[in-house]
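Q: Would you mind keeping the following structure in view while I ask a few things?
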Amino acid sequence: MKRLLTILLVFMALSASAQKVAMKTNVLYDASATVNAGVEIGLAPQWTLDVSGNINAWDMSRGRKWKHWFVQPEARYWLCDRFSDHFLAVHAHGGQYNIGHLRNGIFFLGTDFSQLSDYRYQGWFAGAGIAYGYALPLAKHWNAEFEIGIGYAYSRYDKFECEGCGQKVEKDKSHNYFGPTKAAISLVYVF
């Protein structure tokens with residue numbers, strides 16, 4: 001997966017030639033120890049293609065799991081010039097996860113996240129959504145970017161009693177999620 005993402009990023013950067021290119025990191029993901037990087041390429045005066053990749057492969061203490069990877073390509077329409085001011089976007093997303101034993105009492109938009117307190121879930125997801133964002137120029141090549149998106153994700157998973165023992169409780173279950181699918185406060189370097 002890492003090799004594929006690296007090849008994709010290099011290809012996109014090389015194919016951009018005279019077009020503007022931006023590299024970015026989402027500080028919200030950074031705060032959760034999720035390594036992430038994105039590249040955005042100008043396609044037309046008001047259109048860009050943004051592709052981000054994210055991975056969290058760290059072990060946590062006391063049997064907790066928060067491992068995942070996902071990619072999120074996005075087509076953006078800028079209301080003014082690309083890489084500045086407001087934009088509307090359509091994104092897709094997909095990845096895999098291994099999450100569990102995270103103490104919480106959250107029930108949000110029909111999804112009971114409190115089940116993560118006592119069980120571990122391992123599976124994959126895919127979906128799509130729409131977003132609104134704003135890019136704030138900070139300096140000649142630097143922007144701060146803010147984005148929020150909503151959408152849908154379909155997930156298939158197995159449910160386990162504990163983090164590593166493998167006692168499977170449920171197999172090949174599915175879940176439909178509607179709600180926030182993107183939140184970003186990004187630091188962007190525009191070439």
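Labels for the structure tokens follow display order: chains A, B, ..., residues from 1 in each chain, ligands from 1.
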Using only C-alpha atoms, find each residue in region 121-186 of chain A having at least one atom no more than 7 Å away from region 79-84 of chain A; report its shortest atom-to-atom pair and that distance in Å (one decimal), rows by chain then rising number, as JSON lines.

A:
{"residue": "A:Ala135", "atom": "CA", "partner": "A:Ser84", "partner_atom": "CA", "distance": 5.0}
{"residue": "A:Leu136", "atom": "CA", "partner": "A:Ser84", "partner_atom": "CA", "distance": 6.5}
{"residue": "A:Pro137", "atom": "CA", "partner": "A:Ser84", "partner_atom": "CA", "distance": 6.8}

Q: Mind checking which residues fall within 7 Å of region 166-182 of chain A, counting only C-alpha atoms, ignoring those fewer than 3 positions away in the same chain, and posting them as JSON, numbers by chain?

A: {"A": [109, 129, 148, 149, 150, 151, 152, 153, 154, 155, 156, 157, 158, 159, 160, 161, 162]}

Q: Would you output that residue set with N, CA and C atoms, as a PDB file, in the first residue's frame?

A:
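Result written to result17.pdb:
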ATOM      1  N   LEU A 109     -25.558   9.687  15.410  1.00  0.00           N
ATOM      2  CA  LEU A 109     -26.241   9.514  14.128  1.00  0.00           C
ATOM      3  C   LEU A 109     -26.529   8.043  13.819  1.00  0.00           C
ATOM      4  N   GLY A 129     -18.791  11.097  -0.356  1.00  0.00           N
ATOM      5  CA  GLY A 129     -19.434  12.220   0.312  1.00  0.00           C
ATOM      6  C   GLY A 129     -19.215  13.524  -0.422  1.00  0.00           C
ATOM      7  N   ILE A 148     -14.934  20.468   5.863  1.00  0.00           N
ATOM      8  CA  ILE A 148     -15.863  19.571   6.547  1.00  0.00           C
ATOM      9  C   ILE A 148     -16.699  18.878   5.475  1.00  0.00           C
ATOM     10  N   GLY A 149     -16.935  17.571   5.679  1.00  0.00           N
ATOM     11  CA  GLY A 149     -17.704  16.825   4.690  1.00  0.00           C
ATOM     12  C   GLY A 149     -18.657  15.835   5.337  1.00  0.00           C
ATOM     13  N   ILE A 150     -19.715  15.527   4.621  1.00  0.00           N
ATOM     14  CA  ILE A 150     -20.670  14.525   5.072  1.00  0.00           C
ATOM     15  C   ILE A 150     -20.841  13.494   3.953  1.00  0.00           C
ATOM     16  N   GLY A 151     -21.280  12.298   4.344  1.00  0.00           N
ATOM     17  CA  GLY A 151     -21.469  11.286   3.319  1.00  0.00           C
ATOM     18  C   GLY A 151     -21.847   9.943   3.887  1.00  0.00           C
ATOM     19  N   TYR A 152     -21.498   8.910   3.154  1.00  0.00           N
ATOM     20  CA  TYR A 152     -21.902   7.536   3.417  1.00  0.00           C
ATOM     21  C   TYR A 152     -20.670   6.633   3.426  1.00  0.00           C
ATOM     22  N   ALA A 153     -20.685   5.614   4.270  1.00  0.00           N
ATOM     23  CA  ALA A 153     -19.657   4.571   4.259  1.00  0.00           C
ATOM     24  C   ALA A 153     -20.320   3.225   4.515  1.00  0.00           C
ATOM     25  N   TYR A 154     -19.963   2.243   3.726  1.00  0.00           N
ATOM     26  CA  TYR A 154     -20.401   0.868   3.916  1.00  0.00           C
ATOM     27  C   TYR A 154     -19.225   0.106   4.492  1.00  0.00           C
ATOM     28  N   SER A 155     -19.475  -0.698   5.508  1.00  0.00           N
ATOM     29  CA  SER A 155     -18.396  -1.429   6.163  1.00  0.00           C
ATOM     30  C   SER A 155     -18.765  -2.899   6.342  1.00  0.00           C
ATOM     31  N   ARG A 156     -17.765  -3.782   6.162  1.00  0.00           N
ATOM     32  CA  ARG A 156     -17.911  -5.203   6.493  1.00  0.00           C
ATOM     33  C   ARG A 156     -16.825  -5.509   7.515  1.00  0.00           C
ATOM     34  N   TYR A 157     -17.195  -6.279   8.548  1.00  0.00           N
ATOM     35  CA  TYR A 157     -16.262  -6.493   9.650  1.00  0.00           C
ATOM     36  C   TYR A 157     -16.514  -7.818  10.372  1.00  0.00           C
ATOM     37  N   ASP A 158     -15.504  -8.216  11.150  1.00  0.00           N
ATOM     38  CA  ASP A 158     -15.596  -9.307  12.116  1.00  0.00           C
ATOM     39  C   ASP A 158     -15.471  -8.684  13.495  1.00  0.00           C
ATOM     40  N   LYS A 159     -16.172  -9.265  14.483  1.00  0.00           N
ATOM     41  CA  LYS A 159     -16.179  -8.741  15.856  1.00  0.00           C
ATOM     42  C   LYS A 159     -15.492  -9.759  16.771  1.00  0.00           C
ATOM     43  N   PHE A 160     -14.584  -9.255  17.632  1.00  0.00           N
ATOM     44  CA  PHE A 160     -13.797 -10.114  18.516  1.00  0.00           C
ATOM     45  C   PHE A 160     -13.994  -9.701  19.972  1.00  0.00           C
ATOM     46  N   GLU A 161     -13.832 -10.673  20.882  1.00  0.00           N
ATOM     47  CA  GLU A 161     -13.955 -10.395  22.316  1.00  0.00           C
ATOM     48  C   GLU A 161     -12.778  -9.604  22.863  1.00  0.00           C
ATOM     49  N   CYS A 162     -11.573  -9.894  22.398  1.00  0.00           N
ATOM     50  CA  CYS A 162     -10.406  -9.204  22.955  1.00  0.00           C
ATOM     51  C   CYS A 162      -9.456  -8.793  21.844  1.00  0.00           C
TER      52      CYS A 162
END

Q: Can you pull out every residue within 9 Å of Phe70 (chain A), counting only C-alpha atoms, but drop anything in the same chain fewer than 5 positions away, and send it as a ChimeraX atom specification?

A: /A:52-55,93-97,125

Q: Fewer than 2 positions away in the same chain doesn't count, so skip those; otherwise give me all residues within 6 Å of Trp47 (chain A), counting only C-alpha atoms, as a PyMOL selection string.

A: chain A and resi 43-45+76-77

Q: Save out the residues we just selected, C-alpha atoms, as a PDB file, in the first residue's frame.

A:
ATOM      1  CA  LEU A  43      -6.574  20.441 -13.529  1.00  0.00           C
ATOM      2  CA  ALA A  44      -8.235  23.624 -14.812  1.00  0.00           C
ATOM      3  CA  PRO A  45      -8.497  27.232 -13.593  1.00  0.00           C
ATOM      4  CA  ARG A  76     -12.682  20.159  -5.957  1.00  0.00           C
ATOM      5  CA  TYR A  77     -14.409  23.080  -7.635  1.00  0.00           C
TER       6      TYR A  77
END

Q: When you look at His141 (chain A) with a cut-off of 12 Å (counting only C-alpha atoms), what residues show up, excluding the ones that are within fewer than 4 positions of it in the same chain? I need them as a list in words.

A: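 Listing them by chain and then by number gives Lys20, Val21, Ala22, Met23, Lys24, Phe83, Ser84, Leu136, Pro137, Leu187, Val188, Tyr189, Val190 and Phe191 of chain A.
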
Q: Pick out the residues sitting within 6 Å of Ala75 (chain A), and hand them over as a list in words; count only C-alpha atoms, and ignore anything fewer than 3 positions along from it in its own chain.

A: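 Returned residues: Leu49, Ala89 and Val90 of chain A.
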
Q: Pull N, CA and C atoms from the residues just selected and write them as a JSON list (two decimals), in the first residue's frame.

A:
[["chain", "number", "residue", "atom", "x", "y", "z"],
["A", 49, "LEU", "N", -7.61, 18.14, -8.25],
["A", 49, "LEU", "CA", -7.76, 16.78, -7.75],
["A", 49, "LEU", "C", -6.87, 16.64, -6.53],
["A", 89, "ALA", "N", -16.62, 20.16, -2.93],
["A", 89, "ALA", "CA", -15.89, 18.95, -3.30],
["A", 89, "ALA", "C", -16.78, 17.72, -3.25],
["A", 90, "VAL", "N", -16.35, 16.72, -4.01],
["A", 90, "VAL", "CA", -16.94, 15.38, -3.97],
["A", 90, "VAL", "C", -15.78, 14.43, -3.71]]

Q: Identify all residues of chain A in alpha helix (DSSP H) (DSSP on the backbone) and supply them as a count of residues only.

A: 19

Q: Of the candidates A:Gly133, A:Ser186, A:Arg103, A:Asn143, which shows the shortest atom-to-atom distance to Asn36 (chain A), using only C-alpha atoms?

A: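 Residue with the minimum atom-to-atom distance to Asn36 (chain A): A:Ser186.
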
Q: Work out how far CA of Gly127 (chain A) is from CA of Val71 (chain A), in Å to one decimal.

A: 10.9 Å

Q: CA of His91 (chain A) and CA of His68 (chain A), how far apart in Å?

A: 18.7 Å

Q: For Glu145 (chain A), which of A:Ala92, A:Ala31, A:Ala57, A:Ala183 is the closest residue, counting only C-alpha atoms?

A: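 The answer is A:Ala183, which sits nearest to Glu145 (chain A).
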
Q: Considering only C-alpha atoms, can you say which of A:Leu102, A:Ala184, A:Val51, A:Ala144 comes closest to Leu116 (chain A)?

A: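 Nearest candidate to Leu116 (chain A) out of A:Leu102, A:Ala184, A:Val51, A:Ala144: A:Leu102.
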
Q: To one decimal place in Å, what is the distance between CA of Tyr119 (chain A) and CA of Val35 (chain A)?

A: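 Going from CA of Tyr119 (chain A) over to CA of Val35 (chain A), I get 24.8 Å.
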
Q: Between A:Ile99, A:Leu88, A:Ala33, A:Ile185, which residue has the minimum interatomic distance to Gln115 (chain A), considering only C-alpha atoms?

A: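 When distances to Gln115 (chain A) are compared using only C-alpha atoms, the smallest one comes from A:Ile99.
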